[in-house]
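Visitor: So here's model-v2.cif, just mmCIF, C-alpha atoms (C1' of nucleotides):
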data_protein
loop_
_atom_site.group_PDB
_atom_site.id
_atom_site.type_symbol
_atom_site.label_atom_id
_atom_site.label_comp_id
_atom_site.auth_asym_id
_atom_site.auth_seq_id
_atom_site.Cartn_x
_atom_site.Cartn_y
_atom_site.Cartn_z
ATOM 1 C CA MET A 26 8.505 26.490 3.509
ATOM 2 C CA SER A 27 9.475 25.375 6.983
ATOM 3 C CA THR A 28 9.768 21.685 7.846
ATOM 4 C CA ASP A 29 6.473 20.591 9.395
ATOM 5 C CA SER A 30 6.832 17.267 11.274
ATOM 6 C CA ARG A 31 4.700 16.673 14.353
ATOM 7 C CA SER A 32 6.267 15.096 17.377
ATOM 8 C CA PRO A 33 7.871 11.971 15.915
ATOM 9 C CA ALA A 34 6.457 9.701 18.607
ATOM 10 C CA ALA A 35 2.931 10.921 17.993
ATOM 11 C CA ASP A 36 3.215 10.400 14.290
ATOM 12 C CA ALA A 37 4.614 6.918 14.818
ATOM 13 C CA GLU A 38 1.528 6.056 16.859
ATOM 14 C CA LEU A 39 -0.725 7.456 14.184
ATOM 15 C CA GLN A 40 1.192 5.495 11.589
ATOM 16 C CA ARG A 41 0.625 2.240 13.429
ATOM 17 C CA ALA A 42 -3.068 2.991 13.853
ATOM 18 C CA LEU A 43 -3.551 3.812 10.179
ATOM 19 C CA ASP A 44 -1.578 0.756 9.112
ATOM 20 C CA ALA A 45 -3.647 -1.469 11.364
ATOM 21 C CA VAL A 46 -6.909 -0.122 10.041
ATOM 22 C CA GLY A 47 -5.662 -0.001 6.465
ATOM 23 C CA ASP A 48 -5.930 -3.718 5.764
ATOM 24 C CA PRO A 49 -9.263 -5.216 4.688
ATOM 25 C CA VAL A 50 -8.792 -8.443 6.630
ATOM 26 C CA ARG A 51 -8.090 -6.486 9.791
ATOM 27 C CA ARG A 52 -11.108 -4.264 9.199
ATOM 28 C CA SER A 53 -13.202 -7.395 8.891
ATOM 29 C CA ILE A 54 -11.862 -8.608 12.214
ATOM 30 C CA LEU A 55 -12.742 -5.303 13.833
ATOM 31 C CA ARG A 56 -16.272 -5.335 12.443
ATOM 32 C CA GLN A 57 -17.005 -8.867 13.488
ATOM 33 C CA LEU A 58 -15.568 -8.109 16.879
ATOM 34 C CA ALA A 59 -17.766 -5.048 17.249
ATOM 35 C CA THR A 60 -20.921 -7.117 16.919
ATOM 36 C CA ALA A 61 -20.039 -9.523 19.716
ATOM 37 C CA ASP A 62 -19.746 -9.099 23.465
ATOM 38 C CA PRO A 63 -16.235 -8.675 24.903
ATOM 39 C CA TRP A 64 -14.282 -11.885 25.502
ATOM 40 C CA THR A 65 -16.856 -14.026 23.744
ATOM 41 C CA ILE A 66 -15.008 -14.723 20.523
ATOM 42 C CA ALA A 67 -11.776 -16.604 19.881
ATOM 43 C CA CYS A 68 -9.265 -16.055 17.072
ATOM 44 C CA GLY A 69 -10.303 -19.135 15.134
ATOM 45 C CA GLN A 70 -13.973 -18.256 15.022
ATOM 46 C CA PHE A 71 -13.761 -15.430 12.527
ATOM 47 C CA ASP A 72 -15.109 -15.714 9.030
ATOM 48 C CA LEU A 73 -11.984 -14.861 7.074
ATOM 49 C CA PRO A 74 -10.436 -15.983 3.786
ATOM 50 C CA VAL A 75 -6.891 -16.479 5.136
ATOM 51 C CA GLY A 76 -4.877 -19.226 6.779
ATOM 52 C CA LYS A 77 -4.076 -19.615 10.449
ATOM 53 C CA SER A 78 -0.597 -18.166 10.378
ATOM 54 C CA THR A 79 -1.809 -15.104 8.498
ATOM 55 C CA LEU A 80 -4.449 -14.628 11.133
ATOM 56 C CA THR A 81 -1.861 -14.646 13.868
ATOM 57 C CA HIS A 82 -0.013 -11.948 11.981
ATOM 58 C CA HIS A 83 -3.066 -9.703 11.708
ATOM 59 C CA PHE A 84 -3.995 -10.104 15.337
ATOM 60 C CA ARG A 85 -0.520 -9.039 16.327
ATOM 61 C CA SER A 86 -0.885 -5.856 14.274
ATOM 62 C CA LEU A 87 -4.181 -5.051 15.926
ATOM 63 C CA VAL A 88 -2.868 -5.645 19.412
ATOM 64 C CA GLU A 89 0.214 -3.510 18.797
ATOM 65 C CA ALA A 90 -1.961 -0.707 17.487
ATOM 66 C CA GLY A 91 -4.009 -0.771 20.674
ATOM 67 C CA LEU A 92 -7.147 -1.901 18.925
ATOM 68 C CA LEU A 93 -7.745 -5.108 20.749
ATOM 69 C CA GLU A 94 -6.734 -7.056 23.783
ATOM 70 C CA GLN A 95 -6.284 -10.805 24.128
ATOM 71 C CA ARG A 96 -6.635 -13.254 26.968
ATOM 72 C CA ASP A 97 -5.900 -16.960 27.035
ATOM 73 C CA GLU A 98 -8.787 -19.123 28.055
ATOM 74 C CA GLY A 99 -7.722 -22.723 28.153
ATOM 75 C CA ASN A 100 -7.219 -23.800 24.638
ATOM 76 C CA ARG A 101 -8.391 -20.633 22.961
ATOM 77 C CA ARG A 102 -7.344 -16.996 22.763
ATOM 78 C CA MET A 103 -10.242 -14.667 23.419
ATOM 79 C CA ASN A 104 -10.496 -11.101 22.149
ATOM 80 C CA ARG A 105 -11.874 -7.790 23.255
ATOM 81 C CA LEU A 106 -12.233 -4.693 21.098
ATOM 82 C CA MET A 107 -10.615 -1.777 22.949
ATOM 83 C CA ARG A 108 -13.150 0.653 21.638
ATOM 84 C CA ALA A 109 -13.186 3.324 24.318
ATOM 85 C CA GLU A 110 -9.420 3.397 24.675
ATOM 86 C CA PHE A 111 -8.817 3.652 20.963
ATOM 87 C CA ASP A 112 -11.512 6.278 20.525
ATOM 88 C CA ARG A 113 -9.794 8.382 23.123
ATOM 89 C CA ARG A 114 -6.503 8.293 21.218
ATOM 90 C CA PHE A 115 -7.878 8.513 17.699
ATOM 91 C CA PRO A 116 -11.392 9.932 17.781
ATOM 92 C CA GLY A 117 -13.539 8.946 14.851
ATOM 93 C CA LEU A 118 -11.164 6.504 13.241
ATOM 94 C CA LEU A 119 -12.719 3.298 14.504
ATOM 95 C CA ASP A 120 -16.206 4.618 13.856
ATOM 96 C CA LEU A 121 -15.156 5.214 10.287
ATOM 97 C CA VAL A 122 -14.213 1.571 9.925
ATOM 98 C CA LEU A 123 -17.265 0.199 11.688
ATOM 99 C CA HIS A 124 -19.951 2.355 10.132
ATOM 100 C CA ASP A 125 -18.348 3.084 6.815
ATOM 101 C CA ARG A 126 -21.250 4.932 5.268
ATOM 102 C CA SER A 127 -19.455 6.710 2.471
ATOM 103 C CA ALA A 128 -21.430 7.954 -0.508
ATOM 104 C CA THR A 129 -21.653 5.288 -3.160
ATOM 105 C CA MET B 12 -20.109 -16.386 11.932
ATOM 106 C CA SER B 13 -21.765 -14.648 9.019
ATOM 107 C CA THR B 14 -19.693 -12.950 6.363
ATOM 108 C CA ASP B 15 -19.567 -9.260 7.212
ATOM 109 C CA SER B 16 -18.513 -7.158 4.171
ATOM 110 C CA ARG B 17 -19.881 -3.644 3.815
ATOM 111 C CA SER B 18 -20.953 -2.478 0.417
ATOM 112 C CA PRO B 19 -17.855 -3.182 -1.672
ATOM 113 C CA ALA B 20 -17.850 0.260 -3.278
ATOM 114 C CA ALA B 21 -17.932 1.973 0.071
ATOM 115 C CA ASP B 22 -15.069 -0.084 1.390
ATOM 116 C CA ALA B 23 -13.049 0.637 -1.723
ATOM 117 C CA GLU B 24 -13.478 4.348 -1.074
ATOM 118 C CA LEU B 25 -12.443 3.930 2.516
ATOM 119 C CA GLN B 26 -9.467 1.906 1.385
ATOM 120 C CA ARG B 27 -8.279 4.671 -0.912
ATOM 121 C CA ALA B 28 -8.737 7.275 1.804
ATOM 122 C CA LEU B 29 -6.781 5.257 4.342
ATOM 123 C CA ASP B 30 -4.042 4.486 1.844
ATOM 124 C CA ALA B 31 -3.737 8.149 0.938
ATOM 125 C CA VAL B 32 -3.485 9.230 4.531
ATOM 126 C CA GLY B 33 -1.260 6.305 5.489
ATOM 127 C CA ASP B 34 1.935 7.644 3.965
ATOM 128 C CA PRO B 35 4.123 10.083 5.922
ATOM 129 C CA VAL B 36 5.081 12.138 2.884
ATOM 130 C CA ARG B 37 1.450 12.581 1.967
ATOM 131 C CA ARG B 38 0.556 13.517 5.519
ATOM 132 C CA SER B 39 3.240 16.167 5.355
ATOM 133 C CA ILE B 40 1.726 17.531 2.183
ATOM 134 C CA LEU B 41 -1.681 17.695 3.807
ATOM 135 C CA ARG B 42 -0.343 19.505 6.848
ATOM 136 C CA GLN B 43 1.580 22.074 4.900
ATOM 137 C CA LEU B 44 -1.435 22.588 2.695
ATOM 138 C CA ALA B 45 -3.660 23.130 5.704
ATOM 139 C CA THR B 46 -1.621 26.086 6.868
ATOM 140 C CA ALA B 47 -1.884 27.980 3.578
ATOM 141 C CA ASP B 48 -4.760 29.642 1.794
ATOM 142 C CA PRO B 49 -6.402 27.708 -1.043
ATOM 143 C CA TRP B 50 -4.695 27.923 -4.431
ATOM 144 C CA THR B 51 -1.685 29.735 -3.012
ATOM 145 C CA ILE B 52 0.821 26.916 -3.094
ATOM 146 C CA ALA B 53 2.268 24.976 -6.031
ATOM 147 C CA CYS B 54 3.534 21.383 -6.063
ATOM 148 C CA GLY B 55 7.188 22.327 -6.114
ATOM 149 C CA GLN B 56 7.018 24.575 -3.088
ATOM 150 C CA PHE B 57 6.664 21.896 -0.471
ATOM 151 C CA ASP B 58 9.383 21.048 1.987
ATOM 152 C CA LEU B 59 9.776 17.344 1.291
ATOM 153 C CA PRO B 60 12.650 14.862 1.194
ATOM 154 C CA VAL B 61 11.722 13.247 -2.127
ATOM 155 C CA GLY B 62 12.381 13.823 -5.800
ATOM 156 C CA LYS B 63 10.096 15.431 -8.343
ATOM 157 C CA SER B 64 8.733 12.256 -9.879
ATOM 158 C CA THR B 65 7.911 10.846 -6.461
ATOM 159 C CA LEU B 66 6.041 14.013 -5.673
ATOM 160 C CA THR B 67 3.917 13.621 -8.765
ATOM 161 C CA HIS B 68 3.062 10.138 -7.604
ATOM 162 C CA HIS B 69 1.944 11.299 -4.164
ATOM 163 C CA PHE B 70 -0.135 14.139 -5.521
ATOM 164 C CA ARG B 71 -1.944 11.719 -7.763
ATOM 165 C CA SER B 72 -2.823 9.545 -4.764
ATOM 166 C CA LEU B 73 -4.185 12.521 -2.885
ATOM 167 C CA VAL B 74 -6.273 13.726 -5.801
ATOM 168 C CA GLU B 75 -7.723 10.275 -6.414
ATOM 169 C CA ALA B 76 -8.633 9.990 -2.751
ATOM 170 C CA GLY B 77 -10.552 13.243 -2.949
ATOM 171 C CA LEU B 78 -8.213 15.035 -0.581
ATOM 172 C CA LEU B 79 -7.047 17.801 -2.832
ATOM 173 C CA GLU B 80 -7.810 19.513 -6.068
ATOM 174 C CA GLN B 81 -5.390 20.921 -8.611
ATOM 175 C CA ARG B 82 -5.509 23.749 -11.103
ATOM 176 C CA ASP B 83 -2.950 24.764 -13.665
ATOM 177 C CA GLU B 84 -1.794 28.324 -13.421
ATOM 178 C CA GLY B 85 0.613 29.081 -16.196
ATOM 179 C CA ASN B 86 3.746 27.242 -15.393
ATOM 180 C CA ARG B 87 2.720 25.871 -12.048
ATOM 181 C CA ARG B 88 0.125 23.479 -10.661
ATOM 182 C CA MET B 89 -1.690 24.992 -7.707
ATOM 183 C CA ASN B 90 -3.382 23.017 -4.952
ATOM 184 C CA ARG B 91 -6.393 23.271 -2.713
ATOM 185 C CA LEU B 92 -7.128 21.061 0.272
ATOM 186 C CA MET B 93 -10.662 19.700 -0.099
ATOM 187 C CA ARG B 94 -11.279 19.843 3.586
ATOM 188 C CA ALA B 95 -15.043 20.270 3.783
ATOM 189 C CA GLU B 96 -15.724 17.686 1.098
ATOM 190 C CA PHE B 97 -13.446 15.091 2.634
ATOM 191 C CA ASP B 98 -14.768 15.747 6.124
ATOM 192 C CA ARG B 99 -18.244 15.070 4.847
ATOM 193 C CA ARG B 100 -17.228 11.663 3.482
ATOM 194 C CA PHE B 101 -14.852 10.625 6.250
ATOM 195 C CA PRO B 102 -15.578 12.629 9.377
ATOM 196 C CA GLY B 103 -12.650 12.972 11.718
ATOM 197 C CA LEU B 104 -10.022 11.369 9.524
ATOM 198 C CA LEU B 105 -8.394 14.507 8.206
ATOM 199 C CA ASP B 106 -8.533 16.155 11.615
ATOM 200 C CA LEU B 107 -6.660 13.176 12.959
ATOM 201 C CA VAL B 108 -3.872 13.793 10.485
ATOM 202 C CA LEU B 109 -3.762 17.538 10.949
ATOM 203 C CA HIS B 110 -3.975 17.744 14.710
ATOM 204 C CA ASP B 111 -2.383 14.467 15.645
ATOM 205 C CA ARG B 112 -2.424 14.940 19.351
ATOM 206 C CA SER B 113 -1.981 11.357 20.466
ATOM 207 C CA ALA B 114 -0.647 10.664 23.939
ATOM 208 C CA THR B 115 3.140 10.511 23.885
ATOM 209 C "C1'" DG C 27 -1.903 -41.796 27.030
ATOM 210 C "C1'" DA C 28 -3.587 -41.003 22.249
ATOM 211 C "C1'" DG C 29 -5.813 -38.140 19.399
ATOM 212 C "C1'" DT C 30 -7.780 -33.709 18.256
ATOM 213 C "C1'" DA C 31 -8.289 -28.710 18.237
ATOM 214 C "C1'" DT C 32 -6.314 -24.069 18.743
ATOM 215 C "C1'" DG C 33 -2.502 -20.925 17.964
ATOM 216 C "C1'" DT C 34 2.336 -19.666 17.135
ATOM 217 C "C1'" DT C 35 6.816 -19.682 14.789
ATOM 218 C "C1'" DC C 36 9.608 -19.939 10.903
ATOM 219 C "C1'" DG C 37 11.161 -19.606 6.245
ATOM 220 C "C1'" DA C 38 9.827 -18.699 1.582
ATOM 221 C "C1'" DC C 39 7.324 -16.447 -2.033
ATOM 222 C "C1'" DG C 40 4.861 -12.854 -4.774
ATOM 223 C "C1'" DT C 41 2.919 -8.318 -5.058
ATOM 224 C "C1'" DT C 42 2.602 -3.801 -4.176
ATOM 225 C "C1'" DG C 43 4.230 0.675 -3.496
ATOM 226 C "C1'" DA C 44 7.812 4.295 -2.632
ATOM 227 C "C1'" DT C 45 11.763 5.867 -4.654
ATOM 228 C "C1'" DC C 46 15.023 7.473 -8.152
ATOM 229 C "C1'" DG C 47 17.054 9.383 -12.581
ATOM 230 C "C1'" DA C 48 16.665 10.412 -17.292
ATOM 231 C "C1'" DA C 49 13.991 12.032 -20.925
ATOM 232 C "C1'" DC C 50 10.268 14.740 -22.328
ATOM 233 C "C1'" DA C 51 6.629 18.490 -22.481
ATOM 234 C "C1'" DT C 52 5.104 23.087 -21.446
ATOM 235 C "C1'" DC C 53 5.278 27.621 -20.054
ATOM 236 C "C1'" DC C 54 7.436 31.956 -18.807
ATOM 237 C "C1'" DC C 55 10.922 35.476 -19.432
ATOM 238 C "C1'" DA C 56 14.852 37.918 -21.342
ATOM 239 C "C1'" DT D 22 14.409 32.381 -30.103
ATOM 240 C "C1'" DG D 23 16.754 30.445 -26.540
ATOM 241 C "C1'" DG D 24 17.217 29.353 -21.668
ATOM 242 C "C1'" DG D 25 15.368 28.265 -17.221
ATOM 243 C "C1'" DA D 26 11.712 26.593 -14.313
ATOM 244 C "C1'" DT D 27 7.887 23.453 -13.319
ATOM 245 C "C1'" DG D 28 5.775 18.930 -13.785
ATOM 246 C "C1'" DT D 29 4.966 14.432 -15.973
ATOM 247 C "C1'" DT D 30 6.131 9.880 -17.849
ATOM 248 C "C1'" DC D 31 8.709 5.827 -18.030
ATOM 249 C "C1'" DG D 32 11.489 2.019 -16.566
ATOM 250 C "C1'" DA D 33 14.166 0.079 -12.907
ATOM 251 C "C1'" DT D 34 15.126 -0.934 -8.167
ATOM 252 C "C1'" DC D 35 14.359 -1.978 -3.368
ATOM 253 C "C1'" DA D 36 11.886 -2.789 0.896
ATOM 254 C "C1'" DA D 37 7.736 -3.910 3.192
ATOM 255 C "C1'" DC D 38 3.874 -6.609 3.692
ATOM 256 C "C1'" DG D 39 0.375 -10.209 3.094
ATOM 257 C "C1'" DT D 40 0.222 -14.837 2.254
ATOM 258 C "C1'" DC D 41 1.110 -19.764 2.677
ATOM 259 C "C1'" DG D 42 2.536 -24.478 4.472
ATOM 260 C "C1'" DA D 43 5.037 -27.210 7.609
ATOM 261 C "C1'" DA D 44 6.585 -27.915 12.102
ATOM 262 C "C1'" DC D 45 5.906 -27.097 16.757
ATOM 263 C "C1'" DA D 46 3.635 -26.116 21.360
ATOM 264 C "C1'" DT D 47 -0.213 -26.438 24.408
ATOM 265 C "C1'" DA D 48 -4.583 -27.798 26.198
ATOM 266 C "C1'" DC D 49 -8.780 -30.281 26.127
ATOM 267 C "C1'" DT D 50 -11.306 -34.919 25.628
ATOM 268 C "C1'" DC D 51 -12.026 -39.810 25.353
#
Transcribe the structure of this file into structure tokens.
Guide:
Amino acid sequence: MSTDSRSPAADAELQRALDAVGDPVRRSILRQLATADPWTIACGQFDLPVGKSTLTHHFRSLVEAGLLEQRDEGNRRMNRLMRAEFDRRFPGLLDLVLHDRSAT
Amino acid sequence: MSTDSRSPAADAELQRALDAVGDPVRRSILRQLATADPWTIACGQFDLPVGKSTLTHHFRSLVEAGLLEQRDEGNRRMNRLMRAEFDRRFPGLLDLVLHDRSAT
DNA sequence: GAGTATGTTCGACGTTGATCGAACATCCCA
DNA sequence: TGGGATGTTCGATCAACGTCGAACATACTC
């Protein structure tokens, strides 16, 4: 059986995307972000059961995976879900997280 | 900000699916399986850089996630990729793993 | 300027998961 | 019946990751 292996760079990107989406706290961030208008919600305003430093960690993951974009606005750090961009790279993945209608 | 939280059962299913697909060895299994006819390939015939016991572990993950099905055939354990079934539950996810054409 | 709110950085901790090797079970074949 | 092949189970190990709290930086407000 011949060694499969996609292009290593492509699989590394996929790995980061799956890792980002694979954590429940991060999925919660994505869902809450999807319900709000772009740039209207700051990091501290999410309803999440983790401390501040943990939050910072999760946001970094999401940014590195290309899932969201941040912008400083005075005191606060505002967020935008990069939906179109991410859908272009990984079609269907974000929808899976946001809709999540799997058979019970 | 109101607590989001999908139906917990649904998110647990999604979690298992993402976990299953989130490991490079398991992705390799899925890809090799996708190139062969159903029930034509046994567990030991994969080109993988891990030991036997590790393999068993990965196959269990994939079965529990609903990604493949196994059947004993004498000595060997044959496999079938449950493509249609999994696509129905998580549209696009398996395609993402199999095609993996992300911009380099 | 003092005090408060928002985020980040850093080090530490605990858990989880991937990995291995050895022992075992099962089946096929000579 | 004995030997070889295929998988599984079990216990141990190691690395990665999510989590926290304390200290720090920065910006807004009074």
Visitor: Counting only C-alpha atoms, a student should be able to say which residues of chain A come within 10 Å of chain B; what is the right answer, written as number ranges by chain?
Guide: A: 26-44, 46-49, 52-54, 56-57, 70-73, 113-129
Visitor: May I ask you to extract the residues of chain C within 7 Å of chain B, using all atoms listed in the file, and to give them as number ranges by chain?
Guide: C: 45, 53-54
Visitor: Select residues of chain D: the criterion is any atom within 9 Å of an atom of chain A, counting only C-alpha atoms (C1' of nucleotides); output as a compact mmCIF listing (two decimals) with C-alpha atoms (C1' of nucleotides), keeping the file's coordinate frame.
Guide:
# COMPACT_ATOMS: atom_id res chain seq x y z
C1' DG D 39 0.38 -10.21 3.09
C1' DT D 40 0.22 -14.84 2.25
C1' DC D 41 1.11 -19.76 2.68
C1' DT D 47 -0.21 -26.44 24.41
C1' DA D 48 -4.58 -27.80 26.20
C1' DC D 49 -8.78 -30.28 26.13
Visitor: Assuming the chain letters and numbering stay as they are in my file, what does the PyMOL selection byres ((chain D and resi 38) around 9) actually select? List them as a PyMOL selection string.
Guide: (chain C and resi 41-42) or (chain D and resi 37+39)
Visitor: Quote the spacing between C1' of DA36 in chain D and CA of Leu87 in chain A in Å to one decimal place.
Guide: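 Atom-to-atom, C1' of DA36 in chain D to CA of Leu87 in chain A, that is 22.1 Å.
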Visitor: Can you pull out the residues contacting Thr51 in chain B? Cut-off 10 Å, using only C-alpha atoms (C1' of nucleotides), and skip same-chain residues under 4 positions away; I want them as an NGL selection string.
Guide: :B and (44 or 47 or 89-91)
Visitor: Please report the interatomic distance between CA of Ala45 in chain A and CA of Ser86 in chain A in Å with one decimal.
Guide: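 Here the two named atoms are 5.9 Å from each other.
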Visitor: What would range 58-69 of chain B look like with N, CA and C atoms in place, written as a short mmCIF file (atom, residue, chain, number, x, y, z; two decimals), in the frame of the given file?
Guide:
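Output (result-v2.cif):
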data_model
loop_
_atom_site.label_atom_id
_atom_site.label_comp_id
_atom_site.auth_asym_id
_atom_site.auth_seq_id
_atom_site.Cartn_x
_atom_site.Cartn_y
_atom_site.Cartn_z
N ASP B 58 8.14 21.47 1.35
CA ASP B 58 9.38 21.05 1.99
C ASP B 58 9.34 19.54 2.20
N LEU B 59 9.92 18.79 1.27
CA LEU B 59 9.78 17.34 1.29
C LEU B 59 11.07 16.67 0.85
N PRO B 60 11.38 15.54 1.45
CA PRO B 60 12.65 14.86 1.19
C PRO B 60 12.60 13.88 0.03
N VAL B 61 11.82 14.17 -0.99
CA VAL B 61 11.72 13.25 -2.13
C VAL B 61 11.90 13.99 -3.44
N GLY B 62 12.17 13.25 -4.48
CA GLY B 62 12.38 13.82 -5.80
C GLY B 62 11.09 14.26 -6.48
N LYS B 63 11.25 14.88 -7.64
CA LYS B 63 10.10 15.43 -8.34
C LYS B 63 9.12 14.35 -8.78
N SER B 64 9.63 13.28 -9.36
CA SER B 64 8.73 12.26 -9.88
C SER B 64 7.95 11.58 -8.75
N THR B 65 8.61 11.41 -7.61
CA THR B 65 7.91 10.85 -6.46
C THR B 65 6.79 11.77 -6.01
N LEU B 66 7.07 13.03 -6.03
CA LEU B 66 6.04 14.01 -5.67
C LEU B 66 4.81 13.87 -6.55
N THR B 67 5.03 13.79 -7.83
CA THR B 67 3.92 13.62 -8.76
C THR B 67 3.06 12.43 -8.36
N HIS B 68 3.74 11.36 -8.02
CA HIS B 68 3.06 10.14 -7.60
C HIS B 68 2.17 10.37 -6.38
N HIS B 69 2.71 11.06 -5.38
CA HIS B 69 1.94 11.30 -4.16
C HIS B 69 0.76 12.22 -4.42
#
